[in-house]
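Student: Sharing entry29.pdb, PDB, C-alpha atoms:
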```
ATOM      1  CA  MET X   1       0.000   0.000   0.000
ATOM      2  CA  ARG X   2       1.581   3.268  -1.137
ATOM      3  CA  VAL X   3       0.171   6.289   0.708
ATOM      4  CA  ILE X   4       0.875  10.005   0.412
ATOM      5  CA  VAL X   5       0.000  12.123   3.445
ATOM      6  CA  VAL X   6      -0.566  15.792   2.625
ATOM      7  CA  GLY X   7       0.248  18.061   5.558
ATOM      8  CA  ALA X   8       3.085  17.836   8.081
ATOM      9  CA  GLY X   9       1.242  19.158  11.115
ATOM     10  CA  VAL X  10       0.526  16.944  14.082
ATOM     11  CA  ALA X  11      -2.374  15.175  12.343
ATOM     12  CA  GLY X  12      -0.319  14.378   9.255
ATOM     13  CA  LEU X  13       2.797  13.221  11.098
ATOM     14  CA  VAL X  14       0.917  11.042  13.585
ATOM     15  CA  THR X  15      -1.086   9.524  10.727
ATOM     16  CA  ALA X  16       2.126   8.834   8.804
ATOM     17  CA  VAL X  17       3.590   7.056  11.848
ATOM     18  CA  GLN X  18       0.520   4.882  12.270
ATOM     19  CA  LEU X  19       0.427   4.002   8.567
ATOM     20  CA  ALA X  20       4.131   3.140   8.499
ATOM     21  CA  GLU X  21       3.726   0.990  11.599
ATOM     22  CA  ARG X  22       1.077  -1.007   9.713
ATOM     23  CA  GLY X  23       3.457  -1.606   6.824
ATOM     24  CA  ALA X  24       2.390   1.057   4.334
ATOM     25  CA  SER X  25       4.950   2.802   2.128
ATOM     26  CA  VAL X  26       4.434   6.434   3.142
ATOM     27  CA  ASP X  27       5.506   9.828   1.820
ATOM     28  CA  VAL X  28       4.581  13.139   3.464
ATOM     29  CA  VAL X  29       4.336  16.392   1.510
ATOM     30  CA  ASP X  30       3.782  19.856   2.974
ATOM     31  CA  ARG X  31       3.318  23.271   1.414
ATOM     32  CA  GLY X  32       5.469  24.982   4.045
ATOM     33  CA  ALA X  33       9.133  25.694   3.449
ATOM     34  CA  TYR X  34      10.109  23.841   6.640
ATOM     35  CA  LEU X  35       8.581  21.903   9.515
ATOM     36  CA  GLY X  36       5.944  24.025  11.244
ATOM     37  CA  ALA X  37       5.925  26.808   8.650
ATOM     38  CA  ALA X  38       2.389  26.028   7.452
ATOM     39  CA  SER X  39       0.919  24.340  10.513
ATOM     40  CA  CYS X  40      -1.072  25.684  13.445
ATOM     41  CA  SER X  41       0.468  22.785  15.415
ATOM     42  CA  TRP X  42       3.573  24.974  15.812
ATOM     43  CA  PHE X  43       1.585  27.368  18.038
ATOM     44  CA  ALA X  44      -0.250  24.746  20.106
ATOM     45  CA  GLY X  45      -0.199  24.437  23.878
ATOM     46  CA  GLY X  46       0.567  20.725  23.865
ATOM     47  CA  MET X  47      -1.741  19.878  26.765
ATOM     48  CA  LEU X  48      -2.932  16.276  26.968
ATOM     49  CA  ALA X  49      -5.898  17.118  29.160
ATOM     50  CA  PRO X  50      -8.955  15.021  28.285
ATOM     51  CA  TRP X  51     -10.731  15.646  31.599
ATOM     52  CA  CYS X  52     -10.123  19.392  31.682
ATOM     53  CA  GLU X  53     -11.403  19.660  28.123
ATOM     54  CA  ALA X  54     -14.657  17.989  29.211
ATOM     55  CA  GLU X  55     -15.605  21.316  30.819
ATOM     56  CA  SER X  56     -16.416  22.775  27.392
ATOM     57  CA  ALA X  57     -15.987  19.976  24.812
ATOM     58  CA  GLU X  58     -18.110  17.039  23.732
ATOM     59  CA  PRO X  59     -17.768  13.739  25.681
ATOM     60  CA  ALA X  60     -16.039  12.204  22.633
ATOM     61  CA  VAL X  61     -13.052  14.489  23.245
ATOM     62  CA  THR X  62     -12.492  12.999  26.695
ATOM     63  CA  HIS X  63     -13.172   9.441  25.577
ATOM     64  CA  LEU X  64     -10.897   9.516  22.518
ATOM     65  CA  GLY X  65      -8.341  11.871  24.040
ATOM     66  CA  ARG X  66      -7.330   9.349  26.683
ATOM     67  CA  MET X  67      -5.463   7.411  23.981
ATOM     68  CA  ALA X  68      -2.985  10.292  23.747
ATOM     69  CA  LEU X  69      -1.813   9.702  27.321
ATOM     70  CA  ASP X  70      -0.363   6.339  26.263
ATOM     71  CA  TRP X  71       0.470   7.047  22.620
ATOM     72  CA  TRP X  72       2.777  10.036  23.049
ATOM     73  CA  PRO X  73       5.106   8.567  25.708
ATOM     74  CA  ALA X  74       5.330   5.363  23.641
ATOM     75  CA  HIS X  75       6.439   7.221  20.513
ATOM     76  CA  ILE X  76       8.550  10.199  21.592
ATOM     77  CA  ALA X  77      10.523  11.324  24.610
ATOM     78  CA  GLY X  78       9.568  14.419  26.551
ATOM     79  CA  THR X  79       5.964  13.839  27.610
ATOM     80  CA  VAL X  80       5.547  15.192  31.160
ATOM     81  CA  ALA X  81       2.895  13.342  33.172
ATOM     82  CA  LEU X  82       2.449  15.583  36.226
ATOM     83  CA  GLY X  83      -1.216  16.461  35.819
ATOM     84  CA  THR X  84      -3.003  19.786  35.410
ATOM     85  CA  LEU X  85      -3.746  22.362  38.117
ATOM     86  CA  VAL X  86      -6.870  24.516  37.789
ATOM     87  CA  VAL X  87      -7.067  27.654  39.934
ATOM     88  CA  ALA X  88      -9.163  30.804  40.200
ATOM     89  CA  PRO X  89      -8.639  34.217  41.791
ATOM     90  CA  PRO X  90     -10.304  34.545  45.217
ATOM     91  CA  ARG X  91     -13.185  36.580  43.819
ATOM     92  CA  ASP X  92     -13.872  33.917  41.179
ATOM     93  CA  THR X  93     -13.723  30.715  43.259
ATOM     94  CA  ALA X  94     -17.294  29.971  42.166
ATOM     95  CA  GLU X  95     -15.793  29.245  38.740
ATOM     96  CA  LEU X  96     -14.002  26.244  40.251
ATOM     97  CA  SER X  97     -17.296  24.729  41.391
ATOM     98  CA  ARG X  98     -18.824  25.326  37.967
ATOM     99  CA  PHE X  99     -15.797  23.723  36.292
ATOM    100  CA  SER X 100     -15.875  20.708  38.617
ATOM    101  CA  LYS X 101     -19.523  19.958  37.805
ATOM    102  CA  ARG X 102     -18.694  19.545  34.122
ATOM    103  CA  THR X 103     -15.830  17.070  34.441
ATOM    104  CA  THR X 104     -14.405  14.144  36.434
ATOM    105  CA  ASP X 105     -11.150  12.534  37.581
ATOM    106  CA  PHE X 106      -9.971  15.429  39.744
ATOM    107  CA  GLU X 107      -9.105  16.153  43.371
ATOM    108  CA  TRP X 108     -10.001  19.234  45.400
ATOM    109  CA  LEU X 109      -6.923  20.875  46.919
ATOM    110  CA  ASP X 110      -6.622  23.384  49.719
ATOM    111  CA  GLN X 111      -4.013  26.123  49.920
ATOM    112  CA  ASP X 112      -1.357  23.901  51.524
ATOM    113  CA  ALA X 113      -1.825  21.164  48.910
ATOM    114  CA  VAL X 114      -1.457  23.719  46.110
ATOM    115  CA  ALA X 115       1.825  24.869  47.645
ATOM    116  CA  ARG X 116       3.109  21.296  47.807
ATOM    117  CA  LEU X 117       2.443  20.816  44.098
ATOM    118  CA  GLU X 118       3.623  24.260  42.994
ATOM    119  CA  PRO X 119       5.750  25.931  45.695
ATOM    120  CA  ASP X 120       5.912  29.222  43.794
ATOM    121  CA  LEU X 121       2.125  29.527  44.063
ATOM    122  CA  ASP X 122       2.235  29.265  47.855
ATOM    123  CA  GLY X 123      -0.398  31.495  49.451
ATOM    124  CA  ARG X 124      -1.911  32.660  46.167
ATOM    125  CA  PHE X 125      -4.937  30.340  45.863
ATOM    126  CA  ARG X 126      -7.139  28.960  48.631
ATOM    127  CA  LYS X 127      -8.673  26.211  46.500
ATOM    128  CA  ALA X 128      -7.797  24.371  43.309
ATOM    129  CA  LEU X 129      -8.701  21.360  41.211
ATOM    130  CA  PHE X 130      -5.968  18.861  40.390
ATOM    131  CA  PHE X 131      -6.238  16.424  37.463
ATOM    132  CA  PRO X 132      -3.446  13.943  38.282
ATOM    133  CA  ARG X 133      -3.625  11.754  35.161
ATOM    134  CA  GLU X 134      -3.182  14.534  32.608
ATOM    135  CA  ALA X 135       0.081  15.422  30.887
ATOM    136  CA  HIS X 136       1.726  17.892  28.515
ATOM    137  CA  LEU X 137       4.493  18.122  25.943
ATOM    138  CA  ASP X 138       6.333  20.750  23.923
ATOM    139  CA  PRO X 139       4.608  20.722  20.502
ATOM    140  CA  ARG X 140       7.657  21.905  18.579
ATOM    141  CA  ARG X 141       9.947  19.304  20.073
ATOM    142  CA  ALA X 142       7.238  16.711  19.501
ATOM    143  CA  LEU X 143       6.931  17.560  15.798
ATOM    144  CA  VAL X 144      10.712  17.398  15.369
ATOM    145  CA  ALA X 145      10.788  14.046  17.177
ATOM    146  CA  LEU X 146       7.983  12.672  14.988
ATOM    147  CA  ALA X 147       9.806  13.791  11.840
ATOM    148  CA  ALA X 148      12.985  12.069  13.058
ATOM    149  CA  ARG X 149      11.055   8.890  13.863
ATOM    150  CA  LEU X 150       9.520   8.886  10.396
ATOM    151  CA  GLU X 151      12.921   9.300   8.804
ATOM    152  CA  GLN X 152      14.135   6.259  10.751
ATOM    153  CA  MET X 153      11.122   4.354   9.415
ATOM    154  CA  GLY X 154      12.022   5.251   5.835
ATOM    155  CA  VAL X 155       9.320   7.899   5.393
ATOM    156  CA  ARG X 156      10.348  10.912   3.341
ATOM    157  CA  ILE X 157       8.959  14.359   4.195
ATOM    158  CA  SER X 158       9.071  16.859   1.313
ATOM    159  CA  PHE X 159       8.570  20.564   2.031
ATOM    160  CA  ASP X 160       7.626  23.479  -0.213
ATOM    161  CA  ARG X 161       5.188  21.225  -2.110
ATOM    162  CA  ASP X 162       1.819  22.881  -2.798
ATOM    163  CA  VAL X 163       0.314  19.873  -4.543
ATOM    164  CA  SER X 164      -2.943  19.132  -6.350
ATOM    165  CA  ILE X 165      -4.355  16.230  -4.353
ATOM    166  CA  PRO X 166      -6.340  14.555  -7.182
ATOM    167  CA  ASP X 167      -3.182  14.493  -9.311
ATOM    168  CA  LEU X 168      -1.047  12.636  -6.772
ATOM    169  CA  ASP X 169       0.005   9.129  -7.735
ATOM    170  CA  ALA X 170      -0.596   6.729  -4.839
ATOM    171  CA  ASP X 171      -2.928   3.939  -3.751
ATOM    172  CA  ARG X 172      -4.352   6.229  -1.063
ATOM    173  CA  ILE X 173      -3.996   9.901  -0.233
ATOM    174  CA  VAL X 174      -4.606  11.215   3.282
ATOM    175  CA  ASP X 175      -5.480  14.912   3.341
ATOM    176  CA  CYS X 176      -4.365  16.482   6.637
ATOM    177  CA  ARG X 177      -4.065  20.082   5.454
ATOM    178  CA  GLY X 178      -6.130  21.673   8.192
ATOM    179  CA  PHE X 179      -7.790  24.949   7.219
ATOM    180  CA  ALA X 180      -5.912  24.910   3.898
ATOM    181  CA  ALA X 181      -8.429  22.246   2.836
ATOM    182  CA  ALA X 182     -11.404  24.613   3.230
ATOM    183  CA  ALA X 183     -12.059  24.719  -0.518
ATOM    184  CA  ASP X 184     -12.728  20.966  -0.464
ATOM    185  CA  LEU X 185     -14.644  21.007   2.841
ATOM    186  CA  PRO X 186     -17.282  23.754   2.620
ATOM    187  CA  ASP X 187     -18.449  23.319   6.228
ATOM    188  CA  LEU X 188     -14.939  23.821   7.622
ATOM    189  CA  ARG X 189     -14.407  27.137   9.389
ATOM    190  CA  GLY X 190     -11.366  28.881  10.800
ATOM    191  CA  VAL X 191     -10.978  29.750  14.486
ATOM    192  CA  LYS X 192      -8.102  32.080  15.248
ATOM    193  CA  GLY X 193      -5.908  31.298  18.224
ATOM    194  CA  GLU X 194      -3.336  33.621  19.785
ATOM    195  CA  MET X 195      -0.417  32.894  22.069
ATOM    196  CA  VAL X 196       2.497  34.568  23.802
ATOM    197  CA  VAL X 197       5.769  32.954  24.866
ATOM    198  CA  ILE X 198       7.609  34.602  27.744
ATOM    199  CA  ARG X 199      10.803  33.809  29.624
ATOM    200  CA  THR X 200      11.522  34.258  33.299
ATOM    201  CA  HIS X 201      13.622  32.411  35.858
ATOM    202  CA  GLU X 202      11.850  34.146  38.757
ATOM    203  CA  ILE X 203       9.122  31.505  38.911
ATOM    204  CA  LYS X 204       9.049  27.799  38.243
ATOM    205  CA  LEU X 205       5.969  25.760  37.381
ATOM    206  CA  HIS X 206       5.957  21.998  36.887
ATOM    207  CA  ARG X 207       2.682  21.455  35.045
ATOM    208  CA  PRO X 208       0.087  23.405  33.023
ATOM    209  CA  ILE X 209      -1.911  25.873  35.087
ATOM    210  CA  ARG X 210      -5.421  26.829  34.024
ATOM    211  CA  MET X 211      -6.703  29.981  35.666
ATOM    212  CA  LEU X 212     -10.465  30.414  35.495
ATOM    213  CA  HIS X 213     -12.137  33.741  34.986
ATOM    214  CA  PRO X 214     -15.665  34.421  33.695
ATOM    215  CA  ARG X 215     -14.269  36.420  30.771
ATOM    216  CA  ILE X 216     -10.586  35.524  30.313
ATOM    217  CA  PRO X 217      -9.793  31.854  30.951
ATOM    218  CA  LEU X 218      -6.043  31.360  30.709
ATOM    219  CA  TYR X 219      -3.574  28.534  30.531
ATOM    220  CA  ILE X 220       0.165  28.693  31.129
ATOM    221  CA  VAL X 221       2.288  25.762  30.001
ATOM    222  CA  PRO X 222       5.887  25.504  31.269
ATOM    223  CA  ARG X 223       8.591  24.664  28.761
ATOM    224  CA  GLN X 224      12.360  24.351  28.913
ATOM    225  CA  ASP X 225      14.853  27.120  29.788
ATOM    226  CA  GLY X 226      12.433  29.333  31.708
ATOM    227  CA  LEU X 227       9.921  29.582  28.860
ATOM    228  CA  PHE X 228       6.160  29.678  29.393
ATOM    229  CA  MET X 229       3.486  29.530  26.719
ATOM    230  CA  ILE X 230       0.380  31.604  27.507
ATOM    231  CA  GLY X 231      -2.818  31.064  25.566
ATOM    232  CA  ALA X 232      -6.580  30.730  25.591
ATOM    233  CA  THR X 233      -7.961  33.128  23.005
ATOM    234  CA  SER X 234     -10.477  31.711  20.532
ATOM    235  CA  ILE X 235     -11.774  34.084  17.876
ATOM    236  CA  GLU X 236     -14.287  33.114  15.180
ATOM    237  CA  SER X 237     -12.160  34.344  12.312
ATOM    238  CA  ALA X 238      -9.963  32.924   9.545
ATOM    239  CA  ASP X 239      -7.717  35.979   9.690
ATOM    240  CA  ARG X 240      -4.118  34.941  10.355
ATOM    241  CA  SER X 241      -2.913  38.478  11.074
ATOM    242  CA  ARG X 242      -1.026  39.336  14.243
ATOM    243  CA  ILE X 243      -2.395  39.221  17.763
ATOM    244  CA  THR X 244      -4.845  41.955  18.733
ATOM    245  CA  ALA X 245      -3.886  44.521  21.357
ATOM    246  CA  ARG X 246      -6.812  43.453  23.532
ATOM    247  CA  SER X 247      -5.776  39.790  23.477
ATOM    248  CA  MET X 248      -2.183  40.697  24.275
ATOM    249  CA  ILE X 249      -3.261  42.804  27.243
ATOM    250  CA  GLU X 250      -5.657  40.153  28.534
ATOM    251  CA  LEU X 251      -3.173  37.282  28.274
ATOM    252  CA  LEU X 252      -0.355  39.157  29.979
ATOM    253  CA  SER X 253      -2.671  40.646  32.614
ATOM    254  CA  ALA X 254      -4.031  37.226  33.477
ATOM    255  CA  ALA X 255      -0.491  35.834  33.734
ATOM    256  CA  TYR X 256       0.416  38.698  36.067
ATOM    257  CA  ALA X 257      -2.649  37.874  38.163
ATOM    258  CA  LEU X 258      -1.454  34.277  38.423
ATOM    259  CA  HIS X 259       1.910  35.478  39.734
ATOM    260  CA  PRO X 260       3.399  39.020  39.741
ATOM    261  CA  ALA X 261       6.793  37.626  38.682
ATOM    262  CA  PHE X 262       5.385  37.255  35.177
ATOM    263  CA  GLY X 263       5.195  41.044  35.014
ATOM    264  CA  GLU X 264       8.996  41.199  34.669
ATOM    265  CA  ALA X 265       9.230  38.381  32.129
ATOM    266  CA  GLU X 266      10.770  38.819  28.694
ATOM    267  CA  VAL X 267       8.323  38.511  25.788
ATOM    268  CA  VAL X 268      10.038  36.051  23.456
ATOM    269  CA  GLU X 269       7.396  35.363  20.827
ATOM    270  CA  ILE X 270       3.890  36.319  19.763
ATOM    271  CA  GLY X 271       2.032  33.904  17.530
ATOM    272  CA  THR X 272      -1.314  33.493  15.798
ATOM    273  CA  ASP X 273      -2.795  30.914  13.475
ATOM    274  CA  VAL X 274      -6.130  29.526  12.336
ATOM    275  CA  ARG X 275      -7.402  26.216  13.652
ATOM    276  CA  PRO X 276      -9.807  24.142  11.518
ATOM    277  CA  ALA X 277     -13.212  23.348  12.991
ATOM    278  CA  PHE X 278     -16.458  21.804  11.817
ATOM    279  CA  PRO X 279     -19.835  23.111  13.067
ATOM    280  CA  ASP X 280     -19.910  20.708  16.031
ATOM    281  CA  ASN X 281     -16.226  21.375  16.889
ATOM    282  CA  LEU X 282     -15.403  17.658  16.503
ATOM    283  CA  PRO X 283     -12.944  16.157  13.988
ATOM    284  CA  ALA X 284     -14.175  14.136  11.043
ATOM    285  CA  ILE X 285     -12.836  11.528   8.650
ATOM    286  CA  ARG X 286     -14.315  11.590   5.158
ATOM    287  CA  ARG X 287     -13.576   9.307   2.244
ATOM    288  CA  ASP X 288     -13.755  10.281  -1.419
ATOM    289  CA  GLY X 289     -12.504   7.439  -3.574
ATOM    290  CA  LYS X 290      -8.837   6.950  -2.811
ATOM    291  CA  ILE X 291      -8.728  10.192  -0.768
ATOM    292  CA  VAL X 292      -9.181  10.044   3.013
ATOM    293  CA  ARG X 293      -9.640  13.450   4.630
ATOM    294  CA  LEU X 294      -8.811  13.975   8.314
ATOM    295  CA  ASN X 295      -9.681  17.438   9.542
ATOM    296  CA  GLY X 296     -11.401  19.583  12.158
ATOM    297  CA  LEU X 297      -9.086  18.897  15.119
ATOM    298  CA  TYR X 298      -9.797  22.472  16.290
ATOM    299  CA  ARG X 299      -8.178  23.018  19.740
ATOM    300  CA  HIS X 300      -7.371  19.358  20.284
ATOM    301  CA  GLY X 301      -4.631  18.556  17.785
ATOM    302  CA  PHE X 302      -2.165  16.820  20.081
ATOM    303  CA  LEU X 303      -4.905  15.349  22.255
ATOM    304  CA  LEU X 304      -6.998  13.774  19.490
ATOM    305  CA  SER X 305      -4.490  13.095  16.721
ATOM    306  CA  PRO X 306      -3.547   9.581  17.975
ATOM    307  CA  ALA X 307      -7.170   8.374  18.010
ATOM    308  CA  PHE X 308      -8.170   9.992  14.728
ATOM    309  CA  ALA X 309      -4.945   8.989  12.967
ATOM    310  CA  ARG X 310      -5.781   5.411  13.896
ATOM    311  CA  MET X 311      -9.244   5.838  12.387
ATOM    312  CA  ALA X 312      -7.726   7.387   9.252
ATOM    313  CA  ALA X 313      -5.361   4.418   8.960
ATOM    314  CA  ASP X 314      -8.361   2.096   9.328
ATOM    315  CA  ALA X 315     -10.007   3.927   6.439
ATOM    316  CA  VAL X 316      -6.866   3.668   4.316
ATOM    317  CA  PHE X 317      -6.747  -0.087   4.828
ATOM    318  CA  GLU X 318     -10.556  -0.268   4.558
ATOM    319  CA  GLU X 319     -10.876  -1.488   8.133
ATOM    320  CA  THR X 320     -13.883   0.767   8.487
ATOM    321  CA  ASP X 321     -15.102  -0.179  11.969
ATOM    322  CA  GLY X 322     -14.347   2.781  14.210
ATOM    323  CA  ALA X 323     -14.162   5.330  11.397
ATOM    324  CA  ASP X 324     -17.791   5.322  10.234
ATOM    325  CA  HIS X 325     -19.136   7.092  13.326
ATOM    326  CA  VAL X 326     -17.033  10.172  12.620
ATOM    327  CA  GLU X 327     -17.849  10.440   8.930
ATOM    328  CA  ARG X 328     -20.151  13.207   7.782
TER
END
```
Kindly transcribe the structure held in the file into structure tokens.
Tutor:
Amino acid sequence: MRVIVVGAGVAGLVTAVQLAERGASVDVVDRGAYLGAASCSWFAGGMLAPWCEAESAEPAVTHLGRMALDWWPAHIAGTVALGTLVVAPPRDTAELSRFSKRTTDFEWLDQDAVARLEPDLDGRFRKALFFPREAHLDPRRALVALAARLEQMGVRISFDRDVSIPDLDADRIVDCRGFAAAADLPDLRGVKGEMVVIRTHEIKLHRPIRMLHPRIPLYIVPRQDGLFMIGATSIESADRSRITARSMIELLSAAYALHPAFGEAEVVEIGTDVRPAFPDNLPAIRRDGKIVRLNGLYRHGFLLSPAFARMAADAVFEETDGADHVER
């Protein structure tokens, strides 16, 4: 079985790994000039948080997302399994109760327990929710590691290739182009996400922190060398232009509210991109002859790509059980 995967974001690379593991001869092509150049995966948070996502996502996200907790550590190094901490400012502690009612698999923590998990947050939050089975990774390191693994498996990744999918010569073609596939998927929409990367050695966090607020929910994900990724914005727009002033102010203000040390941090990077989403905000696999389309991962690229890549591989090999329920 010769397969060409179009798109070298997280969906395309994970799909290529799963196909190669099943014995397919796989090539990956991407329109970007280099890894991450044309992929919203480069700006992702990298949180493997199926239970936290249950607060606002469909139950399928939690159910299928659990596969990621095993798949990522089995395929690349660097997955950090220290859970997720959810906090709220004192005036917004009611948000914690609301959050807890919409999810499971958490523990209530008091102020002392928060300090034991994250010493630099000592005295800042009286209550918190802790999701001990969740994990996170650095998306950029993960993409590089996946590309290296594919190379070891004999899979070639070709960049700067803006191809015509119907003209590709292969037994099967898997379209993982994200929002770039909108012309072929009329119900696909773009949702703009914005992020800021800052650096400080004045505070250390060991796991993702979600800070609840009725208007500005925030997550901060620790990375190497004193870096922290701050995100949470979700704008119904396919505009890839730079971050808005309001979003920048809100993200940095919320980080400062989490800990004043972030006020002196160095702003290292500002990023925006458009995430692909279907009307129900769930991914879909669609088949059109020899073309299998995997799209609509929305905010859950790293969380859902293992499960949906497996379904896409099933569709490629015509093992359709498990893929039919996500077709539209």
Student: What does the structure give for the distance between atom CA of Ala16 of chain X and atom CA of Ser234 of chain X, in Å to one decimal?
Tutor: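 Calculated distance between atom CA of Ala16 of chain X and atom CA of Ser234 of chain X is 28.6 Å.
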Student: So, counting all atoms listed in the file, which residue among X:Glu269, X:Asp162, X:Asp122, X:Asp171 is closest to Arg2 of chain X?
Tutor: X:Asp171
Student: Pick the closest to Ile235 of chain X from X:Ile165, X:Ala147, X:Ile76, X:Val191: which is it, counting all atoms listed in the file?
Tutor: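 Smallest distance to Ile235 of chain X is found for X:Val191.
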Student: Between atom CA of Thr93 of chain X and atom CA of Lys192 of chain X, what distance in Å does the model show, to one decimal?
Tutor: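 Interatomic distance, atom CA of Thr93 of chain X to atom CA of Lys192 of chain X: 28.6 Å.
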Student: Between atom CA of Pro260 of chain X and atom CA of Ile203 of chain X, what is the distance, to one decimal in Å?
Tutor: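 Value for the atom CA of Pro260 of chain X-atom CA of Ile203 of chain X distance: 9.5 Å.
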Student: Restrict the output to segment 115-133 of chain X and N, CA and C atoms, then write it as a tab-separated table (two decimals), in the first residue's frame.
Tutor:
```
chain	number	residue	atom	x	y	z
X	115	ALA	N	0.43	24.50	47.42
X	115	ALA	CA	1.82	24.87	47.65
X	115	ALA	C	2.75	23.66	47.54
X	116	ARG	N	2.27	22.49	47.93
X	116	ARG	CA	3.11	21.30	47.81
X	116	ARG	C	3.33	20.93	46.34
X	117	LEU	N	2.29	21.12	45.52
X	117	LEU	CA	2.44	20.82	44.10
X	117	LEU	C	3.27	21.88	43.38
X	118	GLU	N	2.96	23.13	43.66
X	118	GLU	CA	3.62	24.26	42.99
X	118	GLU	C	4.08	25.25	44.06
X	119	PRO	N	5.29	25.07	44.60
X	119	PRO	CA	5.75	25.93	45.69
X	119	PRO	C	5.71	27.43	45.37
X	120	ASP	N	5.91	27.80	44.13
X	120	ASP	CA	5.91	29.22	43.79
X	120	ASP	C	4.51	29.84	43.78
X	121	LEU	N	3.49	29.01	43.93
X	121	LEU	CA	2.12	29.53	44.06
X	121	LEU	C	1.66	29.52	45.51
X	122	ASP	N	2.57	29.32	46.43
X	122	ASP	CA	2.24	29.26	47.85
X	122	ASP	C	1.53	30.55	48.30
X	123	GLY	N	0.35	30.37	48.91
X	123	GLY	CA	-0.40	31.50	49.45
X	123	GLY	C	-1.23	32.27	48.44
X	124	ARG	N	-1.22	31.88	47.19
X	124	ARG	CA	-1.91	32.66	46.17
X	124	ARG	C	-3.33	32.17	45.89
X	125	PHE	N	-3.62	30.89	46.18
X	125	PHE	CA	-4.94	30.34	45.86
X	125	PHE	C	-5.40	29.45	47.02
X	126	ARG	N	-6.62	29.71	47.49
X	126	ARG	CA	-7.14	28.96	48.63
X	126	ARG	C	-7.66	27.59	48.23
X	127	LYS	N	-8.13	27.48	47.00
X	127	LYS	CA	-8.67	26.21	46.50
X	127	LYS	C	-8.17	25.98	45.09
X	128	ALA	N	-8.18	24.71	44.68
X	128	ALA	CA	-7.80	24.37	43.31
X	128	ALA	C	-8.34	22.99	42.98
X	129	LEU	N	-8.39	22.69	41.70
X	129	LEU	CA	-8.70	21.36	41.21
X	129	LEU	C	-7.43	20.77	40.60
X	130	PHE	N	-7.16	19.52	40.93
X	130	PHE	CA	-5.97	18.86	40.39
X	130	PHE	C	-6.40	17.63	39.61
X	131	PHE	N	-5.94	17.54	38.35
X	131	PHE	CA	-6.24	16.42	37.46
X	131	PHE	C	-4.95	15.60	37.32
X	132	PRO	N	-4.76	14.59	38.18
X	132	PRO	CA	-3.45	13.94	38.28
X	132	PRO	C	-3.04	13.11	37.08
X	133	ARG	N	-3.98	12.66	36.26
X	133	ARG	CA	-3.62	11.75	35.16
X	133	ARG	C	-3.32	12.48	33.85
```
